[in-house]
$ cat structure16.cif   # mmCIF, N, CA and C atoms and all ligand atoms
data_my_file
loop_
_atom_site.label_atom_id
_atom_site.label_comp_id
_atom_site.auth_asym_id
_atom_site.auth_seq_id
_atom_site.Cartn_x
_atom_site.Cartn_y
_atom_site.Cartn_z
N MET A 1 30.48 73.52 7.14
CA MET A 1 31.14 74.84 7.07
C MET A 1 31.84 75.15 8.40
N LYS A 2 33.03 75.72 8.32
CA LYS A 2 33.80 76.02 9.53
C LYS A 2 33.70 77.51 9.86
N THR A 3 32.54 77.91 10.30
CA THR A 3 32.38 79.31 10.73
C THR A 3 32.35 79.31 12.25
N PRO A 4 32.66 80.46 12.87
CA PRO A 4 32.58 80.53 14.35
C PRO A 4 31.18 80.18 14.85
N GLU A 5 30.19 80.60 14.09
CA GLU A 5 28.80 80.32 14.49
C GLU A 5 28.53 78.81 14.48
N ALA A 6 29.02 78.15 13.45
CA ALA A 6 28.81 76.71 13.35
C ALA A 6 29.55 75.97 14.47
N SER A 7 30.74 76.45 14.81
CA SER A 7 31.50 75.83 15.91
C SER A 7 30.72 75.96 17.21
N GLU A 8 30.17 77.13 17.42
CA GLU A 8 29.37 77.37 18.63
C GLU A 8 28.15 76.43 18.64
N ARG A 9 27.54 76.27 17.49
CA ARG A 9 26.39 75.35 17.39
C ARG A 9 26.81 73.93 17.70
N ARG A 10 27.97 73.52 17.21
CA ARG A 10 28.44 72.15 17.46
C ARG A 10 28.70 71.96 18.96
N ARG A 11 29.29 72.96 19.59
CA ARG A 11 29.51 72.85 21.04
C ARG A 11 28.20 72.67 21.78
N ARG A 12 27.21 73.51 21.41
CA ARG A 12 25.89 73.42 22.05
C ARG A 12 25.27 72.04 21.80
N LEU A 13 25.42 71.57 20.59
CA LEU A 13 24.87 70.29 20.18
C LEU A 13 25.39 69.15 21.08
N TRP A 14 26.69 69.11 21.29
CA TRP A 14 27.25 68.02 22.09
C TRP A 14 26.92 68.18 23.57
N ARG A 15 26.81 69.43 24.00
CA ARG A 15 26.41 69.67 25.38
C ARG A 15 24.98 69.13 25.60
N LEU A 16 24.09 69.41 24.63
CA LEU A 16 22.71 68.91 24.71
C LEU A 16 22.68 67.39 24.66
N TRP A 17 23.56 66.83 23.86
CA TRP A 17 23.63 65.38 23.74
C TRP A 17 24.01 64.74 25.08
N ARG A 18 25.00 65.34 25.74
CA ARG A 18 25.42 64.82 27.06
C ARG A 18 24.30 64.96 28.10
N LEU A 19 23.61 66.09 28.01
CA LEU A 19 22.48 66.34 28.91
C LEU A 19 21.41 65.27 28.71
N ALA A 20 21.11 64.97 27.44
CA ALA A 20 20.10 63.96 27.11
C ALA A 20 20.56 62.59 27.63
N GLU A 21 21.84 62.31 27.46
CA GLU A 21 22.40 61.03 27.91
C GLU A 21 22.23 60.87 29.43
N GLN A 22 22.48 61.95 30.13
CA GLN A 22 22.31 61.96 31.59
C GLN A 22 20.87 61.59 31.98
N GLN A 23 19.92 62.23 31.28
CA GLN A 23 18.50 61.98 31.60
C GLN A 23 18.12 60.54 31.28
N VAL A 24 18.61 60.03 30.16
CA VAL A 24 18.30 58.64 29.79
C VAL A 24 18.87 57.70 30.86
N GLY A 25 20.06 58.02 31.35
CA GLY A 25 20.68 57.23 32.41
C GLY A 25 19.81 57.18 33.65
N ARG A 26 19.23 58.33 33.99
CA ARG A 26 18.35 58.38 35.17
C ARG A 26 17.06 57.63 34.93
N MET A 27 16.55 57.72 33.69
CA MET A 27 15.22 57.16 33.41
C MET A 27 15.21 55.66 33.22
N GLN A 28 16.35 55.05 32.92
CA GLN A 28 16.34 53.62 32.61
C GLN A 28 16.56 52.75 33.84
N ARG A 29 16.63 53.38 35.02
CA ARG A 29 16.82 52.59 36.24
C ARG A 29 15.64 51.66 36.49
N ALA A 30 15.91 50.59 37.28
CA ALA A 30 14.88 49.58 37.54
C ALA A 30 14.04 49.92 38.78
N GLU A 31 14.43 50.96 39.48
CA GLU A 31 13.77 51.37 40.72
C GLU A 31 12.25 51.51 40.54
N ALA A 32 11.48 50.93 41.50
CA ALA A 32 10.02 51.00 41.43
C ALA A 32 9.54 52.42 41.65
N MET A 33 8.41 52.77 41.06
CA MET A 33 7.85 54.11 41.24
C MET A 33 6.33 54.08 41.10
N CYS A 34 5.71 55.18 41.49
CA CYS A 34 4.26 55.23 41.50
C CYS A 34 3.83 56.68 41.36
N PRO A 35 2.84 56.98 40.49
CA PRO A 35 2.42 58.36 40.31
C PRO A 35 1.60 58.86 41.50
N GLY A 36 1.65 60.15 41.72
CA GLY A 36 0.87 60.76 42.80
C GLY A 36 1.72 61.66 43.67
N SER A 37 1.05 62.53 44.42
CA SER A 37 1.75 63.41 45.36
C SER A 37 1.35 63.04 46.77
N LEU A 38 2.37 62.87 47.61
CA LEU A 38 2.12 62.54 49.01
C LEU A 38 2.11 63.83 49.81
N TYR A 39 1.08 64.05 50.58
CA TYR A 39 1.11 65.21 51.47
C TYR A 39 0.20 65.04 52.68
N LEU A 40 0.41 65.90 53.66
CA LEU A 40 -0.36 65.85 54.89
C LEU A 40 -1.60 66.73 54.74
N LEU A 41 -2.74 66.08 54.76
CA LEU A 41 -4.01 66.79 54.61
C LEU A 41 -4.55 67.14 56.00
N ARG A 42 -4.88 68.41 56.20
CA ARG A 42 -5.44 68.84 57.48
C ARG A 42 -6.86 69.34 57.24
N ARG A 43 -7.80 68.76 58.00
CA ARG A 43 -9.18 69.19 57.77
C ARG A 43 -10.07 68.98 58.99
N ARG A 44 -11.25 69.57 58.90
CA ARG A 44 -12.28 69.39 59.93
C ARG A 44 -13.12 68.19 59.55
N CYS A 45 -13.67 67.49 60.58
CA CYS A 45 -14.44 66.29 60.28
C CYS A 45 -15.94 66.59 60.12
N GLY A 46 -16.40 67.65 60.70
CA GLY A 46 -17.81 67.99 60.54
C GLY A 46 -18.65 67.79 61.80
N LYS A 47 -18.11 67.04 62.80
CA LYS A 47 -18.84 66.86 64.06
C LYS A 47 -18.83 68.18 64.83
N PRO A 48 -20.00 68.62 65.28
CA PRO A 48 -20.05 69.95 65.92
C PRO A 48 -19.30 70.05 67.24
N THR A 49 -19.10 68.91 67.95
CA THR A 49 -18.43 68.96 69.25
C THR A 49 -16.96 68.58 69.20
N CYS A 50 -16.46 68.26 68.04
CA CYS A 50 -15.06 67.77 67.92
C CYS A 50 -14.06 68.92 68.16
N ARG A 51 -12.86 68.54 68.63
CA ARG A 51 -11.80 69.50 68.91
C ARG A 51 -11.34 70.24 67.66
N CYS A 52 -11.63 69.62 66.47
CA CYS A 52 -11.19 70.29 65.24
C CYS A 52 -11.95 71.60 65.02
N ARG A 53 -13.08 71.74 65.72
CA ARG A 53 -13.84 72.99 65.64
C ARG A 53 -13.05 74.16 66.23
N GLN A 54 -12.19 73.82 67.22
CA GLN A 54 -11.37 74.85 67.87
C GLN A 54 -10.04 75.06 67.14
N GLY A 55 -9.91 74.45 65.99
CA GLY A 55 -8.69 74.70 65.22
C GLY A 55 -7.69 73.57 65.23
N GLU A 56 -7.92 72.54 66.08
CA GLU A 56 -7.02 71.38 66.05
C GLU A 56 -7.45 70.44 64.93
N LEU A 57 -6.99 70.70 63.75
CA LEU A 57 -7.46 69.96 62.58
C LEU A 57 -6.95 68.52 62.57
N HIS A 58 -7.72 67.63 61.96
CA HIS A 58 -7.29 66.23 61.79
C HIS A 58 -6.27 66.18 60.66
N ALA A 59 -5.19 65.49 60.93
CA ALA A 59 -4.14 65.38 59.92
C ALA A 59 -4.06 63.95 59.40
N THR A 60 -4.06 63.82 58.10
CA THR A 60 -3.99 62.49 57.46
C THR A 60 -3.01 62.56 56.29
N TRP A 61 -2.13 61.56 56.21
CA TRP A 61 -1.25 61.49 55.04
C TRP A 61 -2.04 60.90 53.89
N VAL A 62 -1.99 61.57 52.74
CA VAL A 62 -2.74 61.11 51.57
C VAL A 62 -1.86 61.18 50.32
N VAL A 63 -2.29 60.40 49.35
CA VAL A 63 -1.70 60.50 48.01
C VAL A 63 -2.81 60.97 47.10
N THR A 64 -2.53 62.00 46.31
CA THR A 64 -3.50 62.44 45.31
C THR A 64 -2.90 62.18 43.94
N ARG A 65 -3.80 61.83 43.05
CA ARG A 65 -3.36 61.66 41.66
C ARG A 65 -4.58 61.75 40.76
N SER A 66 -4.30 62.03 39.51
CA SER A 66 -5.38 62.11 38.53
C SER A 66 -5.54 60.75 37.87
N GLU A 67 -6.76 60.25 37.88
CA GLU A 67 -7.06 58.97 37.23
C GLU A 67 -8.22 59.16 36.27
N ALA A 68 -7.96 58.91 35.01
CA ALA A 68 -8.97 59.10 33.96
C ALA A 68 -9.59 60.50 34.04
N GLY A 69 -8.74 61.48 34.24
CA GLY A 69 -9.20 62.87 34.24
C GLY A 69 -9.81 63.33 35.56
N ARG A 70 -9.94 62.41 36.53
CA ARG A 70 -10.50 62.79 37.82
C ARG A 70 -9.43 62.76 38.89
N SER A 71 -9.54 63.69 39.83
CA SER A 71 -8.59 63.75 40.93
C SER A 71 -9.01 62.76 42.01
N ARG A 72 -8.09 61.82 42.36
CA ARG A 72 -8.38 60.82 43.38
C ARG A 72 -7.49 61.04 44.59
N LEU A 73 -8.00 60.65 45.75
CA LEU A 73 -7.27 60.83 46.99
C LEU A 73 -7.27 59.51 47.76
N TYR A 74 -6.09 59.07 48.18
CA TYR A 74 -5.97 57.81 48.92
C TYR A 74 -5.29 58.06 50.26
N ARG A 75 -5.84 57.49 51.32
CA ARG A 75 -5.19 57.54 52.63
C ARG A 75 -3.95 56.67 52.60
N VAL A 76 -2.90 57.13 53.23
CA VAL A 76 -1.67 56.34 53.30
C VAL A 76 -1.44 55.91 54.75
N PRO A 77 -1.55 54.59 55.03
CA PRO A 77 -1.30 54.10 56.38
C PRO A 77 0.13 54.42 56.81
N GLN A 78 0.28 54.67 58.10
CA GLN A 78 1.60 55.02 58.66
C GLN A 78 2.69 54.05 58.23
N ALA A 79 2.37 52.74 58.25
CA ALA A 79 3.37 51.72 57.93
C ALA A 79 3.86 51.80 56.49
N GLU A 80 3.06 52.40 55.62
CA GLU A 80 3.42 52.46 54.21
C GLU A 80 3.95 53.81 53.77
N ARG A 81 3.98 54.75 54.71
CA ARG A 81 4.32 56.13 54.33
C ARG A 81 5.70 56.26 53.70
N ALA A 82 6.68 55.62 54.33
CA ALA A 82 8.06 55.74 53.82
C ALA A 82 8.16 55.16 52.41
N ALA A 83 7.51 54.01 52.20
CA ALA A 83 7.56 53.36 50.88
C ALA A 83 6.87 54.23 49.83
N VAL A 84 5.72 54.79 50.20
CA VAL A 84 4.96 55.61 49.26
C VAL A 84 5.74 56.90 48.93
N ARG A 85 6.43 57.44 49.94
CA ARG A 85 7.24 58.63 49.70
C ARG A 85 8.33 58.33 48.67
N ARG A 86 8.95 57.15 48.85
CA ARG A 86 10.02 56.74 47.93
C ARG A 86 9.45 56.52 46.52
N LEU A 87 8.32 55.84 46.42
CA LEU A 87 7.72 55.52 45.12
C LEU A 87 7.28 56.78 44.37
N THR A 88 6.59 57.67 45.06
CA THR A 88 6.11 58.88 44.39
C THR A 88 7.27 59.82 44.07
N GLY A 89 8.29 59.81 44.94
CA GLY A 89 9.47 60.63 44.68
C GLY A 89 10.19 60.17 43.43
N ALA A 90 10.30 58.84 43.27
CA ALA A 90 10.97 58.28 42.10
C ALA A 90 10.20 58.64 40.83
N TYR A 91 8.89 58.62 40.92
CA TYR A 91 8.08 58.96 39.74
C TYR A 91 8.21 60.44 39.36
N ARG A 92 8.24 61.28 40.39
CA ARG A 92 8.39 62.72 40.14
C ARG A 92 9.74 62.98 39.46
N GLN A 93 10.77 62.29 39.93
CA GLN A 93 12.10 62.43 39.34
C GLN A 93 12.09 61.97 37.88
N TRP A 94 11.37 60.88 37.62
CA TRP A 94 11.27 60.36 36.26
C TRP A 94 10.58 61.38 35.34
N GLN A 95 9.52 61.98 35.86
CA GLN A 95 8.81 62.99 35.07
C GLN A 95 9.69 64.19 34.76
N ARG A 96 10.46 64.63 35.77
CA ARG A 96 11.38 65.75 35.55
C ARG A 96 12.40 65.42 34.47
N SER A 97 12.95 64.22 34.56
CA SER A 97 13.94 63.78 33.58
C SER A 97 13.33 63.73 32.18
N ARG A 98 12.12 63.24 32.11
CA ARG A 98 11.47 63.13 30.80
C ARG A 98 11.26 64.51 30.18
N ALA A 99 10.80 65.46 31.00
CA ALA A 99 10.59 66.82 30.51
C ALA A 99 11.91 67.42 30.04
N ALA A 100 12.98 67.19 30.81
CA ALA A 100 14.29 67.73 30.45
C ALA A 100 14.79 67.09 29.15
N LEU A 101 14.49 65.80 28.99
CA LEU A 101 14.91 65.10 27.78
C LEU A 101 14.19 65.64 26.54
N VAL A 102 12.89 65.85 26.67
CA VAL A 102 12.09 66.39 25.56
C VAL A 102 12.65 67.75 25.15
N LYS A 103 12.96 68.58 26.14
CA LYS A 103 13.48 69.92 25.87
C LYS A 103 14.85 69.84 25.19
N ALA A 104 15.71 68.98 25.72
CA ALA A 104 17.06 68.85 25.15
C ALA A 104 17.00 68.34 23.72
N MET A 105 16.11 67.37 23.46
CA MET A 105 16.00 66.81 22.11
C MET A 105 15.47 67.83 21.12
N ARG A 106 14.52 68.65 21.55
CA ARG A 106 13.99 69.70 20.68
C ARG A 106 15.10 70.67 20.30
N GLU A 107 15.87 71.09 21.32
CA GLU A 107 16.96 72.04 21.07
C GLU A 107 18.03 71.41 20.20
N LEU A 108 18.28 70.14 20.45
CA LEU A 108 19.27 69.41 19.66
C LEU A 108 18.88 69.40 18.18
N LEU A 109 17.63 69.12 17.90
CA LEU A 109 17.16 69.10 16.51
C LEU A 109 17.22 70.49 15.88
N ARG A 110 16.93 71.50 16.69
CA ARG A 110 17.04 72.87 16.18
C ARG A 110 18.47 73.18 15.76
N GLU A 111 19.42 72.78 16.61
CA GLU A 111 20.84 73.02 16.28
C GLU A 111 21.24 72.25 15.03
N LEU A 112 20.80 71.01 14.93
CA LEU A 112 21.15 70.19 13.77
C LEU A 112 20.54 70.76 12.48
N ASP A 113 19.29 71.24 12.57
CA ASP A 113 18.65 71.85 11.40
C ASP A 113 19.40 73.11 10.98
N ALA A 114 19.81 73.91 11.99
CA ALA A 114 20.52 75.16 11.68
C ALA A 114 21.87 74.84 11.04
N LEU A 115 22.53 73.79 11.53
CA LEU A 115 23.81 73.37 10.93
C LEU A 115 23.60 72.89 9.49
N ALA A 116 22.51 72.17 9.27
CA ALA A 116 22.19 71.68 7.93
C ALA A 116 21.99 72.86 6.97
N GLU A 117 21.34 73.91 7.47
CA GLU A 117 21.13 75.11 6.65
C GLU A 117 22.45 75.66 6.14
N THR A 118 23.47 75.67 7.00
CA THR A 118 24.76 76.25 6.60
C THR A 118 25.45 75.39 5.53
N ARG A 119 25.01 74.14 5.38
CA ARG A 119 25.65 73.25 4.39
C ARG A 119 24.97 73.30 3.03
N MET A 120 23.78 73.92 2.99
CA MET A 120 22.98 73.89 1.77
C MET A 120 23.64 74.68 0.64
N GLN A 121 23.69 74.05 -0.54
CA GLN A 121 24.19 74.71 -1.74
C GLN A 121 23.05 74.79 -2.74
N PRO A 122 22.86 75.95 -3.36
CA PRO A 122 21.79 76.02 -4.36
C PRO A 122 22.15 75.19 -5.60
N TRP A 123 21.25 74.36 -5.99
CA TRP A 123 21.45 73.59 -7.22
C TRP A 123 20.10 73.18 -7.80
N PRO A 124 19.81 73.30 -9.05
CA PRO A 124 20.75 73.85 -10.04
C PRO A 124 20.93 75.35 -9.87
N ALA A 125 21.89 75.92 -10.56
CA ALA A 125 22.16 77.35 -10.43
C ALA A 125 20.90 78.13 -10.79
N ARG A 126 20.75 79.25 -10.13
CA ARG A 126 19.55 80.05 -10.23
C ARG A 126 19.14 80.35 -11.68
N ALA A 127 20.10 80.85 -12.49
CA ALA A 127 19.82 81.29 -13.86
C ALA A 127 19.17 80.17 -14.66
N LYS A 128 19.67 78.95 -14.52
CA LYS A 128 19.13 77.81 -15.27
C LYS A 128 17.74 77.43 -14.77
N ALA A 129 17.58 77.45 -13.45
CA ALA A 129 16.30 77.05 -12.86
C ALA A 129 15.16 77.94 -13.31
N GLN A 130 15.50 79.23 -13.62
CA GLN A 130 14.44 80.16 -13.98
C GLN A 130 14.10 80.14 -15.48
N ARG A 131 14.85 79.39 -16.25
CA ARG A 131 14.56 79.30 -17.68
C ARG A 131 13.24 78.58 -17.89
N PRO A 132 12.43 79.07 -18.79
CA PRO A 132 11.13 78.40 -19.00
C PRO A 132 11.31 76.94 -19.39
N ALA A 133 10.46 76.10 -18.85
CA ALA A 133 10.55 74.67 -19.12
C ALA A 133 9.93 74.34 -20.47
N GLY A 134 10.14 73.17 -20.96
CA GLY A 134 9.51 72.70 -22.18
C GLY A 134 10.38 72.81 -23.42
N GLY A 135 11.45 73.59 -23.34
CA GLY A 135 12.35 73.73 -24.49
C GLY A 135 13.10 72.44 -24.75
N LYS A 136 13.63 72.29 -25.96
CA LYS A 136 14.32 71.04 -26.30
C LYS A 136 15.83 71.23 -26.26
N GLU A 137 16.28 72.24 -25.51
CA GLU A 137 17.70 72.50 -25.44
C GLU A 137 18.43 71.37 -24.72
N ALA A 138 19.44 70.86 -25.32
CA ALA A 138 20.19 69.75 -24.76
C ALA A 138 20.84 70.13 -23.45
N ALA A 139 21.22 71.40 -23.32
CA ALA A 139 21.93 71.86 -22.10
C ALA A 139 21.06 71.68 -20.85
N ASP A 140 19.73 71.78 -21.01
CA ASP A 140 18.85 71.67 -19.86
C ASP A 140 18.41 70.24 -19.59
N GLY A 141 18.47 69.39 -20.57
CA GLY A 141 17.96 68.04 -20.43
C GLY A 141 18.94 67.14 -19.74
N PRO A 142 18.54 65.93 -19.45
CA PRO A 142 19.45 64.98 -18.83
C PRO A 142 20.56 64.61 -19.82
N ALA A 143 21.69 64.26 -19.29
CA ALA A 143 22.83 63.92 -20.15
C ALA A 143 22.53 62.66 -20.94
N ARG A 144 22.81 62.72 -22.26
CA ARG A 144 22.58 61.54 -23.09
C ARG A 144 23.92 61.06 -23.65
N HIS A 145 24.17 59.78 -23.56
CA HIS A 145 25.44 59.26 -24.07
C HIS A 145 25.17 58.21 -25.12
ZN ZN B 201 -13.04 66.60 64.07
#
$ encode --input "structure16.cif" --output "structure tokens"
Amino acid sequence: MKTPEASERRRRLWRLWRLAEQQVGRMQRAEAMCPGSLYLLRRRCGKPTCRCRQGELHATWVVTRSEAGRSRLYRVPQAERAAVRRLTGAYRQWQRSRAALVKAMRELLRELDALAETRMQPWPARAKAQRPAGGKEAADGPARH
């Protein structure tokens, strides 16, 4: 059907399609990645005479991630920090793209379903459909030749 509403839906549909295409393009890269968040953990060590008692906290770069439902924490050696930053960053980007793709595909299907609704024609005609079944009227039965 060529209604203004349907045209608007078609525009949205193709916009969502391009958006999805963009995300797929980002997600299919060969770049290595690794789950987890890299951050600088600052804490006290527990020794009563340590300088951290005066507020100079120990700082350690760590990666946290959930493994089998449990939160795990890994120390990241200085030499590996840049690589780990790149790996976890790539994974975060992948997750963002995936979420955006799921959202775009849901909206896309909604638009397609709504467009399909506008194409629906009632058949058989209402009056005939409501006639009680079981009669031997030729008009209601399948065509016989
Ligand atoms: Zn300390």
$ select_by_dssp --input "structure16.cif" --residues "stretch 22-112 of chain A" --states "helix (DSSP H, G or I)" --output "PyMOL selection string"
chain A and resi 22-27+51-54+78-112
$ residues_near_ligand --input "structure16.cif" --ligand "ligand ZN 201 (chain B)" --cutoff "9 Å" --atoms "only C-alpha atoms and all ligand atoms" --output "PyMOL selection string"
chain A and resi 43-53+56-58
$ atom_distance --input "structure16.cif" --atom1 "atom CA of A:Leu109" --atom2 "atom N of A:Arg15"
12.2 Å
$ select_by_dssp --input "structure16.cif" --residues "stretch 5-143 of chain A" --states "strand (DSSP E or B)" --output "count of residues only"
23
$ residues_around --input "structure16.cif" --residues "A:Arg98" --least-positions-apart "6" --cutoff "9 Å" --atoms "only C-alpha atoms" --output "PDB file with N, CA and C atoms, keeping the file's coordinate frame"
ATOM      1  N   GLN A  23      19.920  62.230  31.280  1.00  0.00           N
ATOM      2  CA  GLN A  23      18.500  61.980  31.600  1.00  0.00           C
ATOM      3  C   GLN A  23      18.120  60.540  31.280  1.00  0.00           C
ATOM      4  N   VAL A  24      18.610  60.030  30.160  1.00  0.00           N
ATOM      5  CA  VAL A  24      18.300  58.640  29.790  1.00  0.00           C
ATOM      6  C   VAL A  24      18.870  57.700  30.860  1.00  0.00           C
ATOM      7  N   MET A  27      16.550  57.720  33.690  1.00  0.00           N
ATOM      8  CA  MET A  27      15.220  57.160  33.410  1.00  0.00           C
ATOM      9  C   MET A  27      15.210  55.660  33.220  1.00  0.00           C
TER      10      MET A  27
END
$ atom_distance --input "structure16.cif" --atom1 "atom N of A:Arg18" --atom2 "atom N of A:Ala104"
10.0 Å
$ atom_distance --input "structure16.cif" --atom1 "atom CA of A:Ala6" --atom2 "atom CA of A:Thr118"
7.9 Å
$ residues_around --input "structure16.cif" --residues "A:Ser37" --least-positions-apart "4" --cutoff "7 Å" --atoms "all atoms listed in the file" --output "compact mmCIF listing (two decimals) with N, CA and C atoms, in the frame of the given file"
# COMPACT_ATOMS: atom_id res chain seq x y z
N VAL A 62 -1.99 61.57 52.74
CA VAL A 62 -2.74 61.11 51.57
C VAL A 62 -1.86 61.18 50.32
N VAL A 63 -2.29 60.40 49.35
CA VAL A 63 -1.70 60.50 48.01
C VAL A 63 -2.81 60.97 47.10
N THR A 64 -2.53 62.00 46.31
CA THR A 64 -3.50 62.44 45.31
C THR A 64 -2.90 62.18 43.94
N ARG A 65 -3.80 61.83 43.05
CA ARG A 65 -3.36 61.66 41.66
C ARG A 65 -4.58 61.75 40.76
N THR A 88 6.59 57.67 45.06
CA THR A 88 6.11 58.88 44.39
C THR A 88 7.27 59.82 44.07
$ closest_residue --input "structure16.cif" --among "A:Leu101, A:Ala68, A:Val84, A:Leu108" --to "A:Arg26" --atoms "only C-alpha atoms"
A:Leu101
$ residues_around --input "structure16.cif" --residues "A:Tyr91" --least-positions-apart "2" --cutoff "8 Å" --atoms "only N, CA and C atoms" --output "PDB file with N, CA and C atoms, keeping the file's coordinate frame"
ATOM      1  N   GLU A  31      14.430  50.960  39.480  1.00  0.00           N
ATOM      2  CA  GLU A  31      13.770  51.370  40.720  1.00  0.00           C
ATOM      3  C   GLU A  31      12.250  51.510  40.540  1.00  0.00           C
ATOM      4  N   ALA A  32      11.480  50.930  41.500  1.00  0.00           N
ATOM      5  CA  ALA A  32      10.020  51.000  41.430  1.00  0.00           C
ATOM      6  C   ALA A  32       9.540  52.420  41.650  1.00  0.00           C
ATOM      7  N   MET A  33       8.410  52.770  41.060  1.00  0.00           N
ATOM      8  CA  MET A  33       7.850  54.110  41.240  1.00  0.00           C
ATOM      9  C   MET A  33       6.330  54.080  41.100  1.00  0.00           C
ATOM     10  N   CYS A  34       5.710  55.180  41.490  1.00  0.00           N
ATOM     11  CA  CYS A  34       4.260  55.230  41.500  1.00  0.00           C
ATOM     12  C   CYS A  34       3.830  56.680  41.360  1.00  0.00           C
ATOM     13  N   PRO A  35       2.840  56.980  40.490  1.00  0.00           N
ATOM     14  CA  PRO A  35       2.420  58.360  40.310  1.00  0.00           C
ATOM     15  C   PRO A  35       1.600  58.860  41.500  1.00  0.00           C
ATOM     16  N   GLY A  36       1.650  60.150  41.720  1.00  0.00           N
ATOM     17  CA  GLY A  36       0.870  60.760  42.800  1.00  0.00           C
ATOM     18  C   GLY A  36       1.720  61.660  43.670  1.00  0.00           C
ATOM     19  N   ARG A  85       6.430  57.440  49.940  1.00  0.00           N
ATOM     20  CA  ARG A  85       7.240  58.630  49.700  1.00  0.00           C
ATOM     21  C   ARG A  85       8.330  58.330  48.670  1.00  0.00           C
ATOM     22  N   ARG A  86       8.950  57.150  48.850  1.00  0.00           N
ATOM     23  CA  ARG A  86      10.020  56.740  47.930  1.00  0.00           C
ATOM     24  C   ARG A  86       9.450  56.520  46.520  1.00  0.00           C
ATOM     25  N   LEU A  87       8.320  55.840  46.420  1.00  0.00           N
ATOM     26  CA  LEU A  87       7.720  55.520  45.120  1.00  0.00           C
ATOM     27  C   LEU A  87       7.280  56.780  44.370  1.00  0.00           C
ATOM     28  N   THR A  88       6.590  57.670  45.060  1.00  0.00           N
ATOM     29  CA  THR A  88       6.110  58.880  44.390  1.00  0.00           C
ATOM     30  C   THR A  88       7.270  59.820  44.070  1.00  0.00           C
ATOM     31  N   GLY A  89       8.290  59.810  44.940  1.00  0.00           N
ATOM     32  CA  GLY A  89       9.470  60.630  44.680  1.00  0.00           C
ATOM     33  C   GLY A  89      10.190  60.170  43.430  1.00  0.00           C
ATOM     34  N   GLN A  93      10.770  62.290  39.930  1.00  0.00           N
ATOM     35  CA  GLN A  93      12.100  62.430  39.340  1.00  0.00           C
ATOM     36  C   GLN A  93      12.090  61.970  37.880  1.00  0.00           C
ATOM     37  N   TRP A  94      11.370  60.880  37.620  1.00  0.00           N
ATOM     38  CA  TRP A  94      11.270  60.360  36.260  1.00  0.00           C
ATOM     39  C   TRP A  94      10.580  61.380  35.340  1.00  0.00           C
ATOM     40  N   GLN A  95       9.520  61.980  35.860  1.00  0.00           N
ATOM     41  CA  GLN A  95       8.810  62.990  35.070  1.00  0.00           C
ATOM     42  C   GLN A  95       9.690  64.190  34.760  1.00  0.00           C
ATOM     43  N   ARG A  96      10.460  64.630  35.770  1.00  0.00           N
ATOM     44  CA  ARG A  96      11.380  65.750  35.550  1.00  0.00           C
ATOM     45  C   ARG A  96      12.400  65.420  34.470  1.00  0.00           C
ATOM     46  N   SER A  97      12.950  64.220  34.560  1.00  0.00           N
ATOM     47  CA  SER A  97      13.940  63.780  33.580  1.00  0.00           C
ATOM     48  C   SER A  97      13.330  63.730  32.180  1.00  0.00           C
TER      49      SER A  97
END
$ closest_residue --input "structure16.cif" --among "A:Leu40, A:Ala100, A:Arg10, A:Thr60" --to "A:Asp113" --atoms "only C-alpha atoms"
A:Arg10
$ closest_residue --input "structure16.cif" --among "A:Arg81, A:Arg70, A:Lys2, A:Arg12" --to "A:Met105" --atoms "only C-alpha atoms"
A:Arg12
